[in-house]
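Shown next: target.cif, containing mmCIF, C-alpha atoms and all ligand atoms.
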data_structure
loop_
_atom_site.label_atom_id
_atom_site.label_comp_id
_atom_site.auth_asym_id
_atom_site.auth_seq_id
_atom_site.Cartn_x
_atom_site.Cartn_y
_atom_site.Cartn_z
CA MET A 15 24.04 -51.92 21.26
CA GLU A 16 22.06 -49.51 23.48
CA PRO A 17 23.87 -48.87 26.77
CA ILE A 18 22.07 -50.38 29.77
CA ILE A 19 22.78 -47.25 31.81
CA SER A 20 23.20 -43.81 30.33
CA VAL A 21 24.35 -40.85 32.43
CA ARG A 22 24.37 -37.42 30.79
CA GLY A 23 25.69 -34.15 32.24
CA LEU A 24 25.08 -35.37 35.78
CA GLY A 25 25.73 -32.90 38.59
CA LYS A 26 25.07 -32.92 42.30
CA THR A 27 25.41 -30.04 44.73
CA TYR A 28 24.32 -31.00 48.25
CA ALA A 29 22.09 -28.68 50.29
CA GLY A 30 25.12 -27.26 52.15
CA GLY A 31 26.57 -26.07 48.83
CA PHE A 32 29.13 -28.85 48.38
CA THR A 33 29.44 -30.03 44.79
CA ALA A 34 29.96 -33.79 44.82
CA LEU A 35 29.53 -34.46 41.07
CA LYS A 36 30.34 -32.27 38.09
CA ASN A 37 29.01 -32.88 34.61
CA VAL A 38 29.44 -36.65 34.56
CA ASP A 39 28.83 -38.53 31.30
CA LEU A 40 28.95 -42.30 31.42
CA GLU A 41 27.54 -45.25 29.52
CA ILE A 42 27.48 -48.76 30.95
CA ARG A 43 27.36 -51.61 28.44
CA ARG A 44 25.00 -54.50 28.82
CA GLY A 45 26.69 -57.51 30.38
CA GLU A 46 29.91 -55.86 31.47
CA ILE A 47 31.63 -55.59 34.83
CA PHE A 48 32.45 -51.92 35.33
CA ALA A 49 34.67 -50.79 38.21
CA LEU A 50 34.41 -47.28 39.54
CA LEU A 51 37.64 -46.29 41.24
CA GLY A 52 38.31 -43.19 43.25
CA PRO A 53 39.77 -41.95 46.51
CA ASN A 54 37.58 -41.33 49.60
CA GLY A 55 34.97 -38.68 49.02
CA ALA A 56 35.43 -38.71 45.23
CA GLY A 57 31.69 -39.07 44.58
CA LYS A 58 31.28 -42.81 43.92
CA THR A 59 28.45 -43.38 46.38
CA THR A 60 26.74 -40.17 45.26
CA LEU A 61 26.79 -41.39 41.65
CA ILE A 62 25.41 -44.81 42.59
CA SER A 63 22.79 -43.27 44.87
CA ILE A 64 21.53 -41.05 42.06
CA VAL A 65 21.25 -43.96 39.61
CA CYS A 66 19.37 -45.94 42.28
CA GLY A 67 17.01 -43.02 42.96
CA ILE A 68 18.14 -42.48 46.56
CA VAL A 69 19.65 -39.03 45.91
CA ASN A 70 18.23 -36.46 43.51
CA PRO A 71 20.59 -34.97 40.96
CA THR A 72 20.84 -31.19 40.57
CA ALA A 73 21.67 -31.45 36.86
CA GLY A 74 21.60 -34.01 34.08
CA ARG A 75 19.70 -37.16 33.19
CA VAL A 76 20.09 -40.85 33.90
CA SER A 77 18.32 -43.79 32.33
CA ALA A 78 18.45 -47.46 33.27
CA SER A 79 17.29 -50.06 30.72
CA GLY A 80 15.73 -47.20 28.80
CA PHE A 81 13.74 -45.80 31.77
CA ASP A 82 14.39 -42.28 33.04
CA ILE A 83 15.30 -42.64 36.71
CA GLN A 84 13.19 -39.64 37.69
CA ARG A 85 10.26 -39.74 35.29
CA ASP A 86 9.89 -43.56 35.26
CA TYR A 87 11.30 -44.13 38.73
CA ARG A 88 9.50 -47.40 39.49
CA MET A 89 10.35 -49.04 36.18
CA ALA A 90 13.98 -47.87 36.36
CA ARG A 91 14.34 -49.00 39.98
CA SER A 92 12.92 -52.45 39.24
CA GLU A 93 15.82 -52.96 36.82
CA ILE A 94 18.38 -52.27 39.56
CA GLY A 95 19.70 -54.20 42.54
CA LEU A 96 21.84 -52.38 45.07
CA VAL A 97 24.19 -53.89 47.62
CA PRO A 98 25.15 -51.04 49.93
CA GLN A 99 28.38 -50.81 51.88
CA GLU A 100 26.85 -51.52 55.29
CA LEU A 101 25.42 -54.94 56.09
CA ALA A 102 22.04 -53.74 57.30
CA THR A 103 19.38 -56.42 57.54
CA ASP A 104 17.00 -57.84 60.12
CA SER A 105 19.14 -60.40 61.92
CA PHE A 106 16.31 -62.40 63.58
CA GLU A 107 14.75 -63.47 60.28
CA SER A 108 15.78 -66.50 58.29
CA VAL A 109 17.66 -66.16 55.01
CA TRP A 110 14.64 -67.52 53.12
CA ALA A 111 12.15 -65.06 54.68
CA THR A 112 14.50 -62.09 54.23
CA VAL A 113 15.14 -62.68 50.56
CA ASN A 114 11.47 -63.40 49.76
CA PHE A 115 10.41 -60.28 51.65
CA SER A 116 12.81 -58.14 49.59
CA ARG A 117 11.21 -59.47 46.41
CA GLY A 118 7.78 -58.54 47.75
CA LEU A 119 8.93 -54.95 48.33
CA PHE A 120 9.26 -54.57 44.58
CA GLY A 121 5.69 -55.74 44.10
CA LYS A 122 6.77 -58.97 42.43
CA ALA A 123 4.71 -62.15 42.87
CA PRO A 124 6.42 -64.85 44.98
CA ASP A 125 8.61 -67.19 42.96
CA PRO A 126 10.11 -69.86 45.24
CA ALA A 127 11.83 -71.58 42.31
CA TYR A 128 13.72 -68.40 41.39
CA ILE A 129 14.71 -67.70 45.00
CA GLU A 130 15.94 -71.27 45.36
CA LYS A 131 18.05 -70.92 42.23
CA LEU A 132 19.47 -67.64 43.53
CA LEU A 133 20.33 -69.06 46.95
CA ARG A 134 21.96 -72.08 45.36
CA GLN A 135 23.98 -69.84 43.05
CA LEU A 136 25.19 -67.83 46.04
CA SER A 137 25.97 -71.00 48.05
CA LEU A 138 23.32 -70.07 50.61
CA TRP A 139 20.84 -72.87 50.04
CA GLU A 140 22.09 -74.92 52.99
CA LYS A 141 21.58 -71.86 55.18
CA LYS A 142 18.11 -70.94 53.98
CA ASP A 143 16.50 -71.63 57.38
CA SER A 144 19.28 -70.05 59.46
CA ARG A 145 18.79 -66.74 61.15
CA ILE A 146 20.94 -64.03 59.59
CA MET A 147 22.56 -63.32 62.96
CA SER A 148 24.06 -66.82 63.02
CA LEU A 149 25.86 -66.38 59.70
CA SER A 150 29.48 -65.43 59.09
CA GLY A 151 30.35 -62.01 57.66
CA GLY A 152 30.95 -63.46 54.20
CA MET A 153 27.56 -65.23 54.22
CA LYS A 154 25.79 -62.06 55.40
CA ARG A 155 27.29 -60.25 52.48
CA ARG A 156 25.96 -62.92 50.13
CA VAL A 157 22.52 -62.55 51.71
CA MET A 158 22.72 -58.84 50.87
CA ILE A 159 23.45 -59.81 47.27
CA ALA A 160 20.56 -62.29 47.25
CA LYS A 161 18.26 -59.52 48.56
CA ALA A 162 19.47 -57.16 45.86
CA LEU A 163 18.79 -59.78 43.17
CA SER A 164 15.51 -61.04 44.62
CA HIS A 165 13.38 -58.99 42.20
CA GLU A 166 15.37 -60.17 39.13
CA PRO A 167 17.05 -56.89 38.18
CA SER A 168 19.30 -56.71 35.13
CA ILE A 169 21.78 -54.34 36.80
CA LEU A 170 23.62 -54.93 40.06
CA PHE A 171 25.49 -52.23 41.98
CA LEU A 172 28.04 -53.41 44.50
CA ASP A 173 29.32 -50.62 46.71
CA GLU A 174 32.69 -51.80 48.03
CA PRO A 175 31.79 -55.51 47.88
CA THR A 176 34.90 -56.75 49.64
CA ALA A 177 35.60 -53.96 52.15
CA GLY A 178 36.93 -55.67 55.26
CA VAL A 179 36.72 -59.13 53.68
CA ASP A 180 39.83 -61.30 54.01
CA VAL A 181 41.87 -62.25 50.97
CA GLU A 182 40.47 -65.78 50.64
CA LEU A 183 36.84 -64.67 50.87
CA ARG A 184 37.57 -61.87 48.44
CA GLN A 185 38.56 -64.47 45.86
CA ASP A 186 35.25 -66.32 46.49
CA MET A 187 33.35 -63.08 46.08
CA TRP A 188 35.11 -62.39 42.79
CA ASP A 189 34.25 -65.87 41.50
CA MET A 190 30.66 -65.34 42.51
CA VAL A 191 30.41 -61.94 40.84
CA ARG A 192 31.81 -63.45 37.65
CA GLY A 193 29.16 -66.17 37.91
CA LEU A 194 26.44 -63.53 38.19
CA ARG A 195 27.73 -61.84 35.08
CA GLU A 196 27.60 -65.18 33.27
CA SER A 197 23.92 -65.34 34.18
CA GLY A 198 23.39 -62.06 32.32
CA VAL A 199 23.55 -59.41 35.06
CA THR A 200 25.45 -56.18 34.35
CA ILE A 201 27.65 -55.31 37.31
CA ILE A 202 28.93 -51.97 38.50
CA LEU A 203 31.17 -52.01 41.53
CA THR A 204 33.03 -49.38 43.47
CA THR A 205 36.25 -50.31 45.09
CA HIS A 206 39.31 -49.03 46.86
CA TYR A 207 41.14 -52.22 46.04
CA ILE A 208 42.77 -51.65 42.72
CA GLU A 209 43.56 -55.36 42.49
CA GLU A 210 39.82 -55.95 42.52
CA ALA A 211 39.38 -53.84 39.41
CA GLU A 212 42.46 -55.38 37.87
CA GLU A 213 41.13 -58.85 38.55
CA MET A 214 37.52 -58.44 37.51
CA ALA A 215 36.58 -55.38 35.52
CA ASP A 216 36.11 -55.19 31.78
CA ARG A 217 36.21 -51.41 31.96
CA VAL A 218 37.37 -48.97 34.58
CA GLY A 219 36.17 -45.47 35.40
CA VAL A 220 38.26 -43.19 37.59
CA ILE A 221 36.43 -40.52 39.54
CA ASN A 222 38.25 -37.76 41.38
CA ARG A 223 36.69 -34.81 43.20
CA GLY A 224 33.36 -35.30 41.49
CA GLU A 225 34.78 -35.54 37.98
CA LEU A 226 34.99 -38.65 35.88
CA VAL A 227 38.57 -38.25 34.77
CA LEU A 228 38.78 -41.39 32.68
CA VAL A 229 36.76 -44.33 31.35
CA GLU A 230 38.70 -47.02 29.57
CA ASP A 231 38.85 -50.67 28.73
CA LYS A 232 41.05 -52.16 31.45
CA HIS A 233 43.59 -53.73 29.14
CA THR A 234 43.80 -50.62 26.95
CA LEU A 235 44.31 -48.51 30.07
CA MET A 236 47.14 -50.68 31.28
CA GLN A 237 48.72 -50.57 27.84
CA LYS A 238 48.15 -46.90 27.21
CA MET A 239 49.19 -45.49 30.52
CA GLY A 240 51.59 -48.19 31.51
CA GLU A 241 55.30 -48.17 31.49
CA LYS A 242 57.45 -51.20 31.40
CA GLU A 243 60.53 -51.62 33.47
CA LEU A 244 63.54 -53.56 32.43
CA SER A 245 65.83 -54.47 35.32
CA LEU A 246 69.41 -55.48 34.68
CA HIS A 247 71.11 -57.35 37.51
CA LEU A 248 74.72 -56.29 37.77
CA PRO A 249 77.51 -58.65 38.85
CA GLU A 250 79.15 -55.78 40.79
CA PRO A 251 77.08 -53.03 42.44
CA LEU A 252 77.50 -49.50 41.11
CA GLN A 253 77.63 -46.26 43.15
CA THR A 254 75.93 -44.12 40.51
CA VAL A 255 74.59 -44.42 36.97
CA PRO A 256 77.72 -44.03 34.82
CA GLU A 257 78.14 -40.57 33.27
CA ILE A 258 78.30 -42.07 29.78
CA LEU A 259 74.71 -43.39 30.19
CA ALA A 260 73.33 -40.30 31.93
CA ASP A 261 71.12 -39.32 28.95
CA LEU A 262 69.11 -42.58 29.21
CA PRO A 263 66.02 -43.08 31.43
CA LEU A 264 68.02 -45.21 33.85
CA THR A 265 67.93 -45.38 37.64
CA LEU A 266 69.96 -47.39 40.05
CA SER A 267 68.31 -49.56 42.73
CA ALA A 268 68.98 -48.50 46.34
CA ASP A 269 71.65 -51.20 46.83
CA GLY A 270 73.28 -50.43 43.48
CA SER A 271 72.81 -53.99 42.25
CA GLN A 272 70.28 -53.25 39.49
CA LEU A 273 70.00 -50.76 36.68
CA VAL A 274 66.35 -50.03 35.95
CA TYR A 275 65.33 -48.83 32.49
CA ARG A 276 61.80 -47.44 31.93
CA PHE A 277 60.17 -47.48 28.55
CA ASP A 278 56.83 -46.76 27.03
CA ILE A 279 54.86 -49.88 26.07
CA LYS A 280 53.07 -48.22 23.17
CA SER A 281 56.20 -46.77 21.63
CA SER A 282 57.35 -48.63 18.52
CA ASP A 283 60.96 -48.13 19.51
CA THR A 284 61.54 -49.12 23.11
CA GLY A 285 65.21 -48.18 22.88
CA ILE A 286 66.28 -51.50 24.37
CA ALA A 287 68.58 -52.42 21.50
CA GLU A 288 70.30 -49.06 21.88
CA LEU A 289 70.53 -49.54 25.65
CA LEU A 290 72.20 -52.94 25.29
CA ARG A 291 74.66 -51.57 22.72
CA ARG A 292 75.57 -48.64 24.98
CA LEU A 293 76.02 -50.93 27.99
CA ASN A 294 78.37 -53.03 25.92
CA ASP A 295 80.31 -49.92 24.84
CA ALA A 296 80.52 -48.84 28.48
CA ASN A 297 81.77 -52.29 29.47
CA ILE A 298 78.91 -52.82 31.86
CA ASP A 299 78.06 -56.45 32.19
CA PHE A 300 74.84 -57.87 33.61
CA ARG A 301 73.89 -61.29 34.91
CA ASP A 302 70.25 -61.40 33.91
CA LEU A 303 67.37 -59.15 33.11
CA HIS A 304 63.63 -59.10 33.65
CA THR A 305 60.70 -56.86 32.77
CA ARG A 306 57.71 -55.69 34.75
CA GLU A 307 54.57 -53.81 33.65
CA SER A 308 53.05 -51.09 35.79
CA SER A 309 50.04 -52.26 37.73
CA LEU A 310 46.68 -50.58 37.59
CA GLU A 311 47.46 -49.21 41.05
CA GLU A 312 50.49 -47.30 39.82
CA ILE A 313 48.47 -45.97 36.89
CA PHE A 314 45.63 -44.91 39.20
CA VAL A 315 47.90 -43.18 41.74
CA GLY A 316 49.60 -41.38 38.86
CA LEU A 317 46.26 -40.26 37.39
CA VAL A 318 44.86 -38.93 40.65
CA LYS A 319 48.14 -37.20 41.49
CA GLY A 320 48.26 -35.68 37.99
CA ALA A 321 44.68 -34.39 38.27
CA ARG A 322 45.45 -32.88 41.69
CA GLN A 323 48.56 -31.11 40.43
CA GLU A 324 46.54 -29.72 37.52
CA GLN A 325 43.85 -28.44 39.89
CA GLN A 326 46.46 -26.86 42.15
CA ALA A 327 48.18 -25.18 39.22
CA GLN A 328 44.79 -23.87 38.05
CA LEU A 329 44.01 -22.56 41.55
CA THR A 330 47.39 -20.83 41.83
CA LYS A 331 46.82 -19.27 38.40
CA GLU A 332 43.35 -18.07 39.42
CA THR A 333 44.56 -16.52 42.69
CA GLN A 334 47.37 -14.74 40.87
CA GLU A 335 45.01 -13.27 38.30
N1 LIG A 401 24.22 -35.72 52.25
C1 LIG A 401 25.36 -35.04 52.04
N2 LIG A 401 25.44 -33.72 52.31
C2 LIG A 401 26.57 -33.03 52.05
N3 LIG A 401 27.69 -33.57 51.53
C3 LIG A 401 27.67 -34.87 51.23
C4 LIG A 401 26.51 -35.68 51.47
N4 LIG A 401 26.79 -36.94 51.07
C5 LIG A 401 28.07 -36.92 50.62
N5 LIG A 401 28.59 -35.68 50.70
C6 LIG A 401 29.95 -35.27 50.31
O1 LIG A 401 30.12 -35.52 48.93
C7 LIG A 401 31.44 -36.01 48.66
C8 LIG A 401 31.37 -37.32 47.90
O2 LIG A 401 30.87 -38.33 48.79
P1 LIG A 401 30.66 -39.83 48.33
O3 LIG A 401 30.12 -40.57 49.51
O4 LIG A 401 29.90 -39.84 47.08
O5 LIG A 401 32.16 -40.28 48.04
P2 LIG A 401 32.77 -41.72 47.79
O6 LIG A 401 33.61 -41.59 46.57
O7 LIG A 401 31.70 -42.73 47.79
O8 LIG A 401 33.69 -41.91 49.06
P3 LIG A 401 34.07 -43.24 49.89
O9 LIG A 401 35.04 -43.96 49.02
O10 LIG A 401 34.71 -42.67 51.09
O11 LIG A 401 32.81 -43.99 50.15
C9 LIG A 401 32.13 -36.10 50.01
O12 LIG A 401 32.95 -34.96 50.17
C10 LIG A 401 31.00 -36.12 51.00
O13 LIG A 401 31.40 -35.51 52.22
#
Is it possible to give me this structure as structure tokens?
Amino acid sequence: MEPIISVRGLGKTYAGGFTALKNVDLEIRRGEIFALLGPNGAGKTTLISIVCGIVNPTAGRVSASGFDIQRDYRMARSEIGLVPQELATDSFESVWATVNFSRGLFGKAPDPAYIEKLLRQLSLWEKKDSRIMSLSGGMKRRVMIAKALSHEPSILFLDEPTAGVDVELRQDMWDMVRGLRESGVTIILTTHYIEEAEEMADRVGVINRGELVLVEDKHTLMQKMGEKELSLHLPEPLQTVPEILADLPLTLSADGSQLVYRFDIKSSDTGIAELLRRLNDANIDFRDLHTRESSLEEIFVGLVKGARQEQQAQLTKETQE
């Protein structure tokens, strides 16, 4: 299937000379939820802003639903809804007027039935006559989503959709975003909350210092990069890992009550059978054992740290040369 968004060799150097994006290639599949993860200043907003036609790229091409975002700007833009980070909207207007006005900005004929459906879907119908200023933060955010969807785009960008939203509301937001996907909208979100990506995304892209360092199916990523931990609870705490087991990837918990064994999920031989045999030989007993997989957060921190170390090593090499 044709990707709904195609980004090729995208680069952005701002007027001051700062390069925010370097040679980014990315394809977004129709109907997916794609999470773009990256530390502050990585280039997430720059990437979104280029796709939405707010910032001009200095290199590369982007198309949305087959339309070139520069050559066919209007057509491309009409395919896209953007919910920016800041909640900026006219607070004296009613929800109904605000959302209808947004639709008009895209040159679309009024369609009260569609707007009603949208407001109902976003649980805003009861509030349609309320002024925006009287709404709670969570509702205002939903109004921003309604505005972004008012012209019936097929792609929705959510820039940090749950920044500053409490845990309970975050769950509501996630349910709602899933509902939007069910209705056929492709969703691209940026987030600092790894749990958000873990919870919702089909695929994850990691951006670091303007480079897309990885794009992967979420489950594959967690399998591929993940390690599993096997913790053995000891009846008697140990001071150190016994000498006889020193060649194994074992660590001792701070209080000495658990031996922690790390193994690679994708490896065919986890080495657990060998571990248990060696523990037996060493007369080390354990009360129970449990396993834990690394979270997306651990994988992400590891990736960004790895990329940084590589860059530093490269820089040191260059300065030495
Ligand atoms: N108009 C601009 N002129 C110069 N530099 C800019 C401009 N806009 C952004 N930058 C720089 O480009 C880099 C990437 O910024 P961007 O906002 O895309 O990052 P981000 O990943 O969205 O960060 P955050 O998670 O903090 O929102 C930053 O170093 C930023 O300072």
Around ligand LIG 401 (chain A), which protein and nucleic acid residues have at least one atom no more than 9 Å from it, if we count all atoms listed in the file? List them as number ranges by chain.
A: 26-35, 51-63, 69, 99, 173-174, 204-206, 221-224
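Minimum atom-to-atom distance to Ser164 of chain A, evaluated using all atoms listed in the file, belongs to A:Pro126 out of A:Pro126, A:Gly152, A:Pro263, A:Pro17.
Computed from the coordinates, the atom CA of Ala177 of chain A to atom CA of Tyr207 of chain A distance equals 8.4 Å.
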If I take atom CA of Gly67 of chain A and atom CA of Ala160 of chain A, how far is one from the other in Å, to one decimal?
20.1 Å
Could you tell me how far atom CA of Met153 of chain A lies from atom CA of Gly198 of chain A, in Å and to one decimal?
22.5 Å
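Of the residues listed (A:Cys66, A:Leu136, A:Ala162, A:Ile19), A:Ala162 shows the shortest atom-to-atom separation from Phe115 of chain A; distances use all atoms listed in the file.
With all atoms listed in the file as the atoms that count, the minimum distance from His233 of chain A to the choices A:Arg217, A:Arg75, A:Arg291, A:Arg43 is reached by A:Arg217.
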Given the point (9.8, -45.0, 40.6) in the file's coordinates, find the residues that have an atom at most 12 Å from it, counting only C-alpha atoms, and give them as a PyMOL selection string.
chain A and resi 65-68+77-78+81-94+120
So which one's closest to Gln272 of chain A, A:Pro249, A:Gly219, A:Gly45, A:Gly74? Using only C-alpha atoms, please.
A:Pro249
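Nearest to Lys154 of chain A of all the residues A:Pro167, A:Pro124, A:Gly95, A:Pro175 is A:Pro175, based on all atoms listed in the file.
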Out of A:Ala123, A:Met147, A:Leu138, A:Tyr275, which residue has the shortest atom-to-atom distance to Glu107 of chain A when counting only C-alpha atoms?
A:Met147
Set up a box along x, y and z of the file covering all listed atoms of segment 252-256 of chain A, add 5 Å on every one of the six sides, and write the centre and edge lengths in Å to one decimal, as lines of an AutoDock Vina configuration file.
center_x = 76.2
center_y = -46.8
center_z = 39.0
size_x = 13.1
size_y = 15.5
size_z = 18.3
